[in-house]
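Note: the block below is input-v4.cif and it holds mmCIF, C-alpha atoms.
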```cif
data_input
#
loop_
_atom_site.label_atom_id
_atom_site.label_comp_id
_atom_site.auth_asym_id
_atom_site.auth_seq_id
_atom_site.Cartn_x
_atom_site.Cartn_y
_atom_site.Cartn_z
CA MET A 1 12.95 27.78 26.98
CA SER A 2 16.20 26.87 28.73
CA ASP A 3 16.74 23.49 30.41
CA SER A 4 13.81 21.96 28.52
CA ALA A 5 15.20 18.46 29.07
CA PHE A 6 14.33 18.81 32.77
CA ILE A 7 10.81 20.14 32.21
CA PRO A 8 7.85 17.78 31.76
CA ASP A 9 5.72 18.54 28.71
CA GLU A 10 2.76 19.17 30.97
CA LEU A 11 4.58 22.01 32.73
CA GLN A 12 5.84 23.48 29.47
CA ARG A 13 2.21 23.78 28.36
CA TYR A 14 0.70 24.80 31.70
CA ALA A 15 -1.16 28.08 31.11
CA PRO A 16 -4.26 28.04 33.32
CA GLU A 17 -7.10 30.51 32.97
CA VAL A 18 -6.50 32.47 36.14
CA THR A 19 -9.43 34.64 37.23
CA GLU A 20 -8.95 38.26 36.25
CA PRO A 21 -11.35 40.90 37.65
CA ASP A 22 -13.14 43.09 35.10
CA ASP A 23 -11.79 46.19 36.81
CA PHE A 24 -8.22 44.90 37.23
CA ASP A 25 -6.60 47.64 35.12
CA ARG A 26 -8.73 50.40 36.59
CA PHE A 27 -8.04 49.18 40.12
CA TRP A 28 -4.28 49.42 39.64
CA ARG A 29 -4.40 52.59 37.55
CA ASP A 30 -6.34 54.38 40.30
CA THR A 31 -4.14 52.94 43.06
CA LEU A 32 -0.91 54.07 41.39
CA ALA A 33 -2.33 57.46 40.40
CA GLU A 34 -3.14 58.15 44.04
CA ALA A 35 0.41 57.25 45.06
CA ALA A 36 1.95 59.30 42.23
CA ALA A 37 0.19 62.45 43.43
CA ARG A 38 2.90 62.78 46.11
CA PRO A 39 6.60 63.56 45.57
CA VAL A 40 8.43 60.25 45.63
CA LEU A 41 11.67 61.06 47.49
CA VAL A 42 11.37 61.89 51.18
CA ASP A 43 14.96 61.65 52.39
CA VAL A 44 18.35 60.56 51.05
CA ARG A 45 21.41 60.55 53.30
CA PRO A 46 24.86 58.90 53.05
CA GLU A 47 25.18 55.71 55.09
CA PRO A 48 28.62 55.09 56.59
CA THR A 49 29.85 51.53 56.03
CA ASP A 50 33.15 49.66 56.18
CA LEU A 51 33.01 48.90 52.45
CA ARG A 52 35.72 50.91 50.73
CA LEU A 53 34.71 49.89 47.21
CA LEU A 54 31.03 50.83 47.54
CA ASP A 55 29.03 53.88 48.55
CA SER A 56 25.64 53.54 50.27
CA TRP A 57 22.74 55.84 51.05
CA ASP A 58 19.78 55.44 53.36
CA VAL A 59 16.75 56.28 51.21
CA THR A 60 13.19 56.99 52.32
CA PHE A 61 10.50 57.27 49.65
CA ALA A 62 6.74 57.75 49.71
CA GLY A 63 4.94 54.46 49.06
CA PHE A 64 1.29 53.55 49.30
CA GLY A 65 -0.72 56.26 51.04
CA GLY A 66 2.38 58.41 51.25
CA ASP A 67 3.78 56.07 53.93
CA PRO A 68 7.58 56.31 54.33
CA VAL A 69 9.32 53.23 52.90
CA ARG A 70 13.00 52.60 53.59
CA ALA A 71 15.59 51.35 51.10
CA TRP A 72 19.34 51.03 50.65
CA TYR A 73 20.90 52.63 47.59
CA THR A 74 24.38 51.27 46.86
CA ARG A 75 26.77 51.77 43.94
CA PRO A 76 30.44 51.32 43.07
CA ALA A 77 32.58 54.00 44.71
CA GLY A 78 34.19 56.56 42.42
CA ARG A 79 31.69 56.02 39.59
CA PRO A 80 29.67 59.26 39.31
CA GLU A 81 28.33 58.53 35.81
CA PRO A 82 24.78 57.20 35.35
CA LEU A 83 24.80 53.42 35.71
CA PRO A 84 22.33 50.69 34.74
CA THR A 85 20.31 50.10 37.87
CA VAL A 86 18.76 47.09 39.63
CA VAL A 87 15.79 47.45 41.98
CA GLU A 88 15.61 44.40 44.26
CA TYR A 89 12.68 43.15 46.35
CA ALA A 90 13.13 40.93 49.40
CA GLY A 91 11.38 37.70 50.35
CA TYR A 92 8.43 37.15 52.66
CA GLY A 93 9.20 37.97 56.28
CA ARG A 94 12.42 39.76 55.38
CA GLY A 95 13.45 43.38 55.55
CA ARG A 96 16.23 45.37 53.96
CA GLY A 97 18.69 44.31 56.68
CA LEU A 98 22.02 46.14 56.72
CA PRO A 99 23.55 47.82 53.67
CA HIS A 100 26.33 45.25 53.30
CA GLU A 101 24.03 42.18 53.22
CA ARG A 102 23.20 42.14 49.48
CA LEU A 103 26.13 43.16 47.34
CA THR A 104 25.97 41.06 44.16
CA TRP A 105 24.56 43.79 41.94
CA PRO A 106 26.67 46.77 43.03
CA VAL A 107 29.82 44.62 42.97
CA ALA A 108 28.88 43.69 39.39
CA GLY A 109 28.89 47.38 38.51
CA TYR A 110 25.21 48.29 38.82
CA ALA A 111 23.56 50.92 40.92
CA HIS A 112 21.29 49.01 43.32
CA LEU A 113 18.20 49.85 45.35
CA LEU A 114 16.99 47.29 47.91
CA MET A 115 13.44 48.00 49.12
CA ASP A 116 12.29 47.22 52.65
CA ASN A 117 9.08 45.19 53.08
CA ARG A 118 6.54 47.18 55.05
CA GLY A 119 5.43 45.45 58.22
CA GLN A 120 7.16 42.14 57.49
CA ALA A 121 10.61 42.29 59.01
CA GLY A 122 11.62 40.15 61.95
CA GLN A 123 10.77 36.65 60.74
CA TYR A 124 13.89 36.14 58.61
CA GLY A 125 15.60 39.53 58.44
CA ALA A 126 15.65 43.02 59.90
CA GLY A 127 13.78 46.01 58.55
CA ASP A 128 12.34 49.30 59.74
CA THR A 129 9.27 50.10 57.62
CA PRO A 130 5.93 49.70 59.44
CA ASP A 131 2.58 49.00 57.77
CA PRO A 132 0.26 51.40 59.60
CA HIS A 133 -2.95 50.33 57.86
CA GLY A 134 -4.99 47.99 60.01
CA ALA A 135 -7.56 45.81 58.27
CA ARG A 136 -9.72 42.78 58.97
CA GLY A 137 -7.98 39.50 58.32
CA GLY A 138 -5.62 36.95 59.78
CA PRO A 139 -2.48 37.19 61.89
CA SER A 140 0.17 37.08 59.13
CA PRO A 141 1.03 39.57 56.37
CA VAL A 142 -0.43 37.40 53.61
CA THR A 143 -3.81 37.49 55.36
CA TRP A 144 -3.85 41.16 56.46
CA GLY A 145 -6.89 42.78 54.84
CA ILE A 146 -7.56 39.71 52.71
CA HIS A 147 -11.34 40.23 52.68
CA ASP A 148 -11.17 43.25 50.37
CA PRO A 149 -8.59 44.05 47.65
CA ARG A 150 -8.62 47.72 48.68
CA ASP A 151 -7.50 46.76 52.20
CA TYR A 152 -5.09 43.99 51.26
CA HIS A 153 -1.50 44.16 52.44
CA PHE A 154 -0.18 43.24 48.99
CA ARG A 155 -1.98 46.16 47.37
CA ARG A 156 0.20 48.34 49.55
CA LEU A 157 3.37 46.31 49.02
CA ILE A 158 2.99 46.20 45.21
CA THR A 159 2.39 49.95 45.19
CA ASP A 160 5.59 50.39 47.20
CA ALA A 161 7.44 48.25 44.66
CA VAL A 162 6.30 50.44 41.75
CA ARG A 163 7.21 53.56 43.70
CA ALA A 164 10.68 52.11 44.31
CA VAL A 165 11.29 52.25 40.54
CA GLU A 166 10.09 55.85 40.48
CA ALA A 167 12.31 56.66 43.47
CA VAL A 168 15.46 55.16 41.97
CA ARG A 169 14.94 57.15 38.79
CA ALA A 170 14.98 60.30 40.91
CA LEU A 171 18.34 59.45 42.50
CA PRO A 172 21.72 60.66 41.21
CA GLY A 173 23.89 58.36 39.14
CA VAL A 174 21.03 56.30 37.69
CA ASP A 175 20.58 55.59 33.98
CA VAL A 176 16.80 56.05 33.96
CA ASP A 177 16.53 54.18 30.65
CA GLN A 178 18.16 51.03 32.04
CA VAL A 179 16.25 49.94 35.15
CA THR A 180 15.80 46.24 35.95
CA VAL A 181 13.69 44.63 38.70
CA VAL A 182 14.87 41.53 40.55
CA GLY A 183 13.52 39.26 43.28
CA ASN A 184 13.29 35.77 44.74
CA SER A 185 10.13 34.23 46.21
CA GLN A 186 7.94 37.13 47.38
CA GLY A 187 10.48 39.42 45.77
CA GLY A 188 10.01 37.53 42.52
CA GLY A 189 6.26 38.01 42.75
CA LEU A 190 6.75 41.74 43.32
CA ALA A 191 9.11 41.91 40.33
CA LEU A 192 6.43 40.31 38.13
CA ALA A 193 3.81 42.73 39.43
CA VAL A 194 6.03 45.69 38.61
CA ALA A 195 6.70 44.20 35.16
CA GLY A 196 2.96 44.33 34.48
CA LEU A 197 2.52 47.86 35.82
CA VAL A 198 5.66 49.65 34.53
CA THR A 199 6.00 49.54 30.76
CA ASP A 200 9.57 50.81 30.30
CA LEU A 201 11.72 48.41 32.32
CA SER A 202 14.89 47.02 30.76
CA ALA A 203 14.49 43.51 32.21
CA VAL A 204 12.86 41.36 34.88
CA LEU A 205 14.58 38.59 36.86
CA THR A 206 12.26 36.45 38.96
CA THR A 207 13.12 33.28 40.85
CA ALA A 208 10.65 30.94 42.59
CA PRO A 209 8.01 33.67 42.40
CA PHE A 210 5.32 33.93 45.05
CA LEU A 211 1.81 35.31 44.25
CA CYS A 212 1.37 33.28 41.05
CA ASP A 213 -1.64 31.11 40.16
CA MET A 214 -2.78 31.80 43.70
CA ARG A 215 -5.80 29.53 43.98
CA ARG A 216 -3.85 26.52 42.74
CA ALA A 217 -0.85 27.44 44.89
CA VAL A 218 -2.94 27.47 48.08
CA GLN A 219 -4.18 23.99 47.16
CA LEU A 220 -0.66 22.65 46.52
CA SER A 221 1.54 24.24 49.17
CA GLU A 222 1.53 23.50 52.91
CA PRO A 223 4.34 25.81 54.15
CA ALA A 224 3.99 29.56 54.61
CA PRO A 225 3.03 31.84 52.98
CA TYR A 226 0.40 29.88 51.00
CA GLY A 227 -0.20 27.57 53.94
CA GLU A 228 -1.10 30.61 56.06
CA ILE A 229 -3.97 31.35 53.68
CA ALA A 230 -5.16 27.74 53.86
CA ARG A 231 -5.01 27.75 57.65
CA TYR A 232 -6.94 31.02 57.75
CA LEU A 233 -9.66 29.54 55.52
CA ALA A 234 -9.77 26.41 57.67
CA VAL A 235 -11.15 28.64 60.43
CA GLN A 236 -12.86 31.40 58.43
CA ARG A 237 -14.78 29.05 56.15
CA GLU A 238 -17.32 31.67 55.09
CA ALA A 239 -14.53 33.95 53.79
CA GLU A 240 -13.47 31.79 50.83
CA GLU A 241 -15.27 33.73 48.11
CA SER A 242 -13.96 37.12 49.27
CA VAL A 243 -10.44 35.72 49.69
CA TRP A 244 -10.26 34.36 46.13
CA ARG A 245 -11.61 37.66 44.81
CA THR A 246 -8.95 39.64 46.67
CA LEU A 247 -6.14 37.36 45.54
CA SER A 248 -7.17 37.75 41.89
CA TYR A 249 -6.11 41.41 42.06
CA VAL A 250 -2.54 40.53 43.03
CA ASP A 251 -2.03 37.30 41.05
CA GLY A 252 1.30 37.39 39.23
CA VAL A 253 -0.20 35.67 36.19
CA ASN A 254 -2.44 38.68 35.55
CA PHE A 255 0.55 41.01 35.80
CA ALA A 256 2.74 38.72 33.68
CA ARG A 257 0.25 38.86 30.79
CA ARG A 258 0.78 42.62 30.59
CA ALA A 259 4.58 42.60 30.83
CA THR A 260 6.74 44.06 28.06
CA ALA A 261 10.33 43.67 29.33
CA PRO A 262 12.61 40.66 28.69
CA ALA A 263 12.33 38.16 31.55
CA HIS A 264 14.57 35.57 33.19
CA PHE A 265 12.86 32.92 35.36
CA GLY A 266 14.25 30.27 37.70
CA VAL A 267 12.60 27.47 39.70
CA GLY A 268 13.54 24.49 41.80
CA ARG A 269 11.63 21.46 40.57
CA ARG A 270 11.12 20.23 44.18
CA ASP A 271 9.99 23.56 45.58
CA THR A 272 7.14 23.03 48.05
CA VAL A 273 6.97 26.71 49.14
CA CYS A 274 6.25 28.21 45.71
CA PRO A 275 5.38 25.18 43.55
CA PRO A 276 7.10 25.29 40.14
CA ARG A 277 3.76 24.77 38.39
CA THR A 278 2.68 28.22 39.55
CA ALA A 279 5.82 29.87 38.18
CA PHE A 280 5.18 28.18 34.83
CA ALA A 281 1.69 29.66 34.85
CA ALA A 282 3.26 33.13 34.89
CA TYR A 283 6.03 32.16 32.46
CA ASN A 284 3.68 30.69 29.87
CA HIS A 285 1.37 33.72 30.02
CA TYR A 286 4.25 36.22 30.14
CA GLY A 287 3.69 39.06 27.66
CA ALA A 288 0.76 37.32 25.94
CA GLY A 289 -1.67 40.16 26.63
CA ASN A 290 0.54 43.23 26.51
CA GLY A 291 -1.09 44.67 23.38
CA ARG A 292 2.13 44.58 21.36
CA PRO A 293 2.71 42.62 18.15
CA THR A 294 5.35 40.34 19.67
CA ARG A 295 5.95 38.86 23.09
CA PRO A 296 9.12 39.84 24.96
CA GLU A 297 12.13 37.55 25.17
CA ARG A 298 11.89 35.17 28.12
CA GLU A 299 13.70 32.11 29.39
CA MET A 300 13.22 29.62 32.20
CA HIS A 301 15.90 27.76 34.16
CA VAL A 302 14.87 24.67 36.11
CA TYR A 303 16.91 22.95 38.84
CA PRO A 304 15.48 19.42 38.98
CA PHE A 305 16.82 18.39 42.40
CA ASN A 306 16.44 21.70 44.23
CA GLY A 307 13.64 23.15 46.31
CA HIS A 308 12.89 26.76 47.16
CA GLU A 309 16.61 27.56 47.20
CA GLY A 310 16.69 26.95 43.44
CA GLY A 311 20.03 27.20 41.69
CA GLU A 312 21.63 29.53 44.26
CA ALA A 313 25.07 30.76 43.10
CA VAL A 314 24.83 28.92 39.77
CA HIS A 315 21.59 30.71 39.03
CA VAL A 316 22.99 34.09 40.09
CA ARG A 317 25.83 33.61 37.61
CA ARG A 318 23.28 32.90 34.90
CA GLN A 319 21.35 36.03 35.90
CA LEU A 320 24.45 38.20 35.70
CA ARG A 321 25.44 36.91 32.28
CA TRP A 322 21.88 37.15 30.92
CA LEU A 323 21.33 40.70 32.15
CA ASP A 324 24.67 41.79 30.74
CA SER A 325 23.63 40.42 27.34
CA VAL A 326 20.21 42.11 27.48
CA LEU A 327 21.66 45.51 28.36
CA GLN A 328 24.33 45.47 25.67
CA PRO A 329 23.55 47.97 22.85
#
```
Could you render the structure from this file as structure tokens?
Amino acid sequence: MSDSAFIPDELQRYAPEVTEPDDFDRFWRDTLAEAAARPVLVDVRPEPTDLRLLDSWDVTFAGFGGDPVRAWYTRPAGRPEPLPTVVEYAGYGRGRGLPHERLTWPVAGYAHLLMDNRGQAGQYGAGDTPDPHGARGGPSPVTWGIHDPRDYHFRRLITDAVRAVEAVRALPGVDVDQVTVVGNSQGGGLALAVAGLVTDLSAVLTTAPFLCDMRRAVQLSEPAPYGEIARYLAVQREAEESVWRTLSYVDGVNFARRATAPAHFGVGRRDTVCPPRTAFAAYNHYGAGNGRPTRPEREMHVYPFNGHEGGEAVHVRRQLRWLDSVLQP
């Protein structure tokens, strides 16, 4: 574990018994099988930009229920050969924005797919993927359909995230054997979910991950998104049992147990949005139940005086160097 001098012993050992439904694997196997019954690519068209060193495409792929999900595909210009590829997931309330907003990975030489968040854009960033599935629940994405795991918004979003990996492998110029998933906050939670559902990823990079140790997180965190669940339960008091059941199907700890790819974690020690304890729950369980003789390589970076922003550019530099070392033959 990296940065162990900054990590209390209690956090280094924190591996709670998070509730896992008996039908967890069947639930996700059936969900993904239904999505996989449809061709994944819907539309791919060049996207004009003012970036002379990069080429971009506007991609639409079939996500949960066959719904069209938008993404940007960007790669270094003049590089037709298959490249190692990064699939990136955005944070809560964000969309894919414009194609020039997230350039770290393509500038570093990777092909890059940035997935839009269905139904979430407008709070912090622009997007254009609706979530057409209405369901009983609260007013915010984290509470949409929260009474039943089959109706829950994050069932749809996690399915989209898996389909994004399938979509990028169908695009030209992608080394299908070297696909990495990346995300911060909600994006980090989605990356962990994909790590538990896709067995042949090259690596996982997750920072300040949302969706981990959910019951404890709702107790610890006041801001959104966890605070939105608490405020919903403050009104819908009779819904608590069904809410905890639904959240157990999307808890990142349950996905992390099944992961097989090397993983790079980062947290801010003063993060009140996604408490660091909950990230350690996923880190300490990571790969422990994947059915293989050894657990995958993993490391954690802790920024003792930072909050949800974590290590920012310092952490990105660490991610770049780590991923380069993992992908070397």
Next item on the list: Determine the nearest neighbour of Gly125 (chain A) from the options A:Asp148, A:Glu240, A:Glu101, A:Glu222, counting all atoms listed in the file.
Entry: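 Nearest candidate to Gly125 (chain A) out of A:Asp148, A:Glu240, A:Glu101, A:Glu222: A:Glu101.
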Notebook entry, point to check: Contacts of Phe61 (chain A) at 8 Å or less, counting all atoms listed in the file, minus same-chain residues fewer than 3 places along, as JSON, numbers by chain?
Noted result: {"A": [40, 41, 42, 43, 68, 69, 70, 71, 163, 164, 167]}
Item checked: Top pick for closest residue to Tyr124 (chain A), considering A:Ala111, A:Ala90, A:Leu211, A:Val253 and counting only C-alpha atoms ->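 Checking each candidate against Tyr124 (chain A), we get A:Ala90 as the closest.
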Notebook entry, point to check: Distance CA of Val44 (chain A)-CA of Asp128 (chain A), one decimal place?
Noted result: 15.4 Å
Item checked: Length of the CA of Tyr89 (chain A) to CA of Arg13 (chain A) vector [Å] ->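 It comes out at 28.4 Å.
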Checklist line | Output check: residues returned by the PyMOL selection byres ((chain A and resi 142) around 9), as a PyMOL selection string | finding: chain A and resi 92+138-141+143-146+152-154+225-226+228-229
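In this comparison, which uses all atoms listed in the file, the residue of A:Thr159, A:Ser248, A:Thr272, A:Leu190 approaching Gly227 (chain A) most closely is A:Thr272.
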Restricted to N, CA, C and O atoms, what does region 121-142 of chain A look like when written out as a compact mmCIF listing (two decimals), in the first residue's frame?
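As a result, part-v9.txt now contains:
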```
# COMPACT_ATOMS: atom_id res chain seq x y z
N ALA A 121 -26.88 15.03 -16.76
CA ALA A 121 -26.17 16.25 -17.12
C ALA A 121 -26.95 17.49 -16.73
O ALA A 121 -28.17 17.47 -16.62
N GLY A 122 -26.23 18.56 -16.52
CA GLY A 122 -26.83 19.85 -16.23
C GLY A 122 -26.50 20.39 -14.86
O GLY A 122 -26.55 21.59 -14.64
N GLN A 123 -26.13 19.51 -13.92
CA GLN A 123 -25.79 19.99 -12.58
C GLN A 123 -24.37 20.56 -12.56
O GLN A 123 -24.13 21.63 -12.02
N TYR A 124 -23.42 19.83 -13.16
CA TYR A 124 -22.04 20.29 -13.20
C TYR A 124 -21.46 20.33 -14.61
O TYR A 124 -20.42 20.91 -14.83
N GLY A 125 -22.09 19.67 -15.56
CA GLY A 125 -21.54 19.62 -16.91
C GLY A 125 -22.60 19.22 -17.90
O GLY A 125 -23.64 18.66 -17.55
N ALA A 126 -22.34 19.49 -19.18
CA ALA A 126 -23.32 19.25 -20.23
C ALA A 126 -23.27 17.80 -20.71
O ALA A 126 -22.24 17.15 -20.68
N GLY A 127 -24.41 17.33 -21.16
CA GLY A 127 -24.52 16.00 -21.74
C GLY A 127 -25.79 15.92 -22.56
O GLY A 127 -26.61 16.84 -22.54
N ASP A 128 -25.98 14.82 -23.28
CA ASP A 128 -27.14 14.72 -24.15
C ASP A 128 -27.70 13.31 -24.23
O ASP A 128 -28.23 12.90 -25.26
N THR A 129 -27.59 12.55 -23.14
CA THR A 129 -28.16 11.20 -23.07
C THR A 129 -29.28 11.19 -22.05
O THR A 129 -29.02 11.34 -20.84
N PRO A 130 -30.54 11.02 -22.46
CA PRO A 130 -31.63 10.96 -21.50
C PRO A 130 -31.71 9.60 -20.81
O PRO A 130 -31.11 8.62 -21.27
N ASP A 131 -32.44 9.55 -19.70
CA ASP A 131 -32.77 8.27 -19.07
C ASP A 131 -34.29 8.12 -19.16
O ASP A 131 -35.03 8.69 -18.36
N PRO A 132 -34.78 7.38 -20.15
CA PRO A 132 -36.22 7.38 -20.41
C PRO A 132 -37.04 6.49 -19.49
O PRO A 132 -38.26 6.40 -19.65
N HIS A 133 -36.41 5.84 -18.53
CA HIS A 133 -37.12 4.86 -17.70
C HIS A 133 -37.59 5.52 -16.41
O HIS A 133 -36.82 5.73 -15.48
N GLY A 134 -38.86 5.82 -16.33
CA GLY A 134 -39.41 6.37 -15.10
C GLY A 134 -39.59 5.28 -14.06
O GLY A 134 -39.89 4.13 -14.38
N ALA A 135 -39.39 5.63 -12.81
CA ALA A 135 -39.57 4.66 -11.72
C ALA A 135 -39.84 5.41 -10.43
O ALA A 135 -39.45 6.56 -10.25
N ARG A 136 -40.53 4.74 -9.50
CA ARG A 136 -40.82 5.32 -8.21
C ARG A 136 -39.54 5.63 -7.46
O ARG A 136 -38.61 4.84 -7.46
N GLY A 137 -39.52 6.77 -6.80
CA GLY A 137 -38.34 7.14 -6.04
C GLY A 137 -38.29 8.64 -5.84
O GLY A 137 -39.29 9.34 -6.03
N GLY A 138 -37.13 9.14 -5.48
CA GLY A 138 -36.98 10.54 -5.15
C GLY A 138 -36.66 11.41 -6.35
O GLY A 138 -36.65 10.95 -7.49
N PRO A 139 -36.32 12.68 -6.09
CA PRO A 139 -36.16 13.65 -7.17
C PRO A 139 -34.79 13.66 -7.83
O PRO A 139 -34.62 14.32 -8.86
N SER A 140 -33.80 12.98 -7.29
CA SER A 140 -32.44 13.06 -7.81
C SER A 140 -32.02 11.70 -8.37
O SER A 140 -32.57 10.66 -8.02
N PRO A 141 -31.02 11.68 -9.27
CA PRO A 141 -30.64 10.41 -9.90
C PRO A 141 -30.34 9.29 -8.91
O PRO A 141 -30.70 8.14 -9.17
N VAL A 142 -29.71 9.60 -7.79
CA VAL A 142 -29.34 8.54 -6.85
C VAL A 142 -30.56 7.92 -6.17
O VAL A 142 -30.45 6.85 -5.56
```
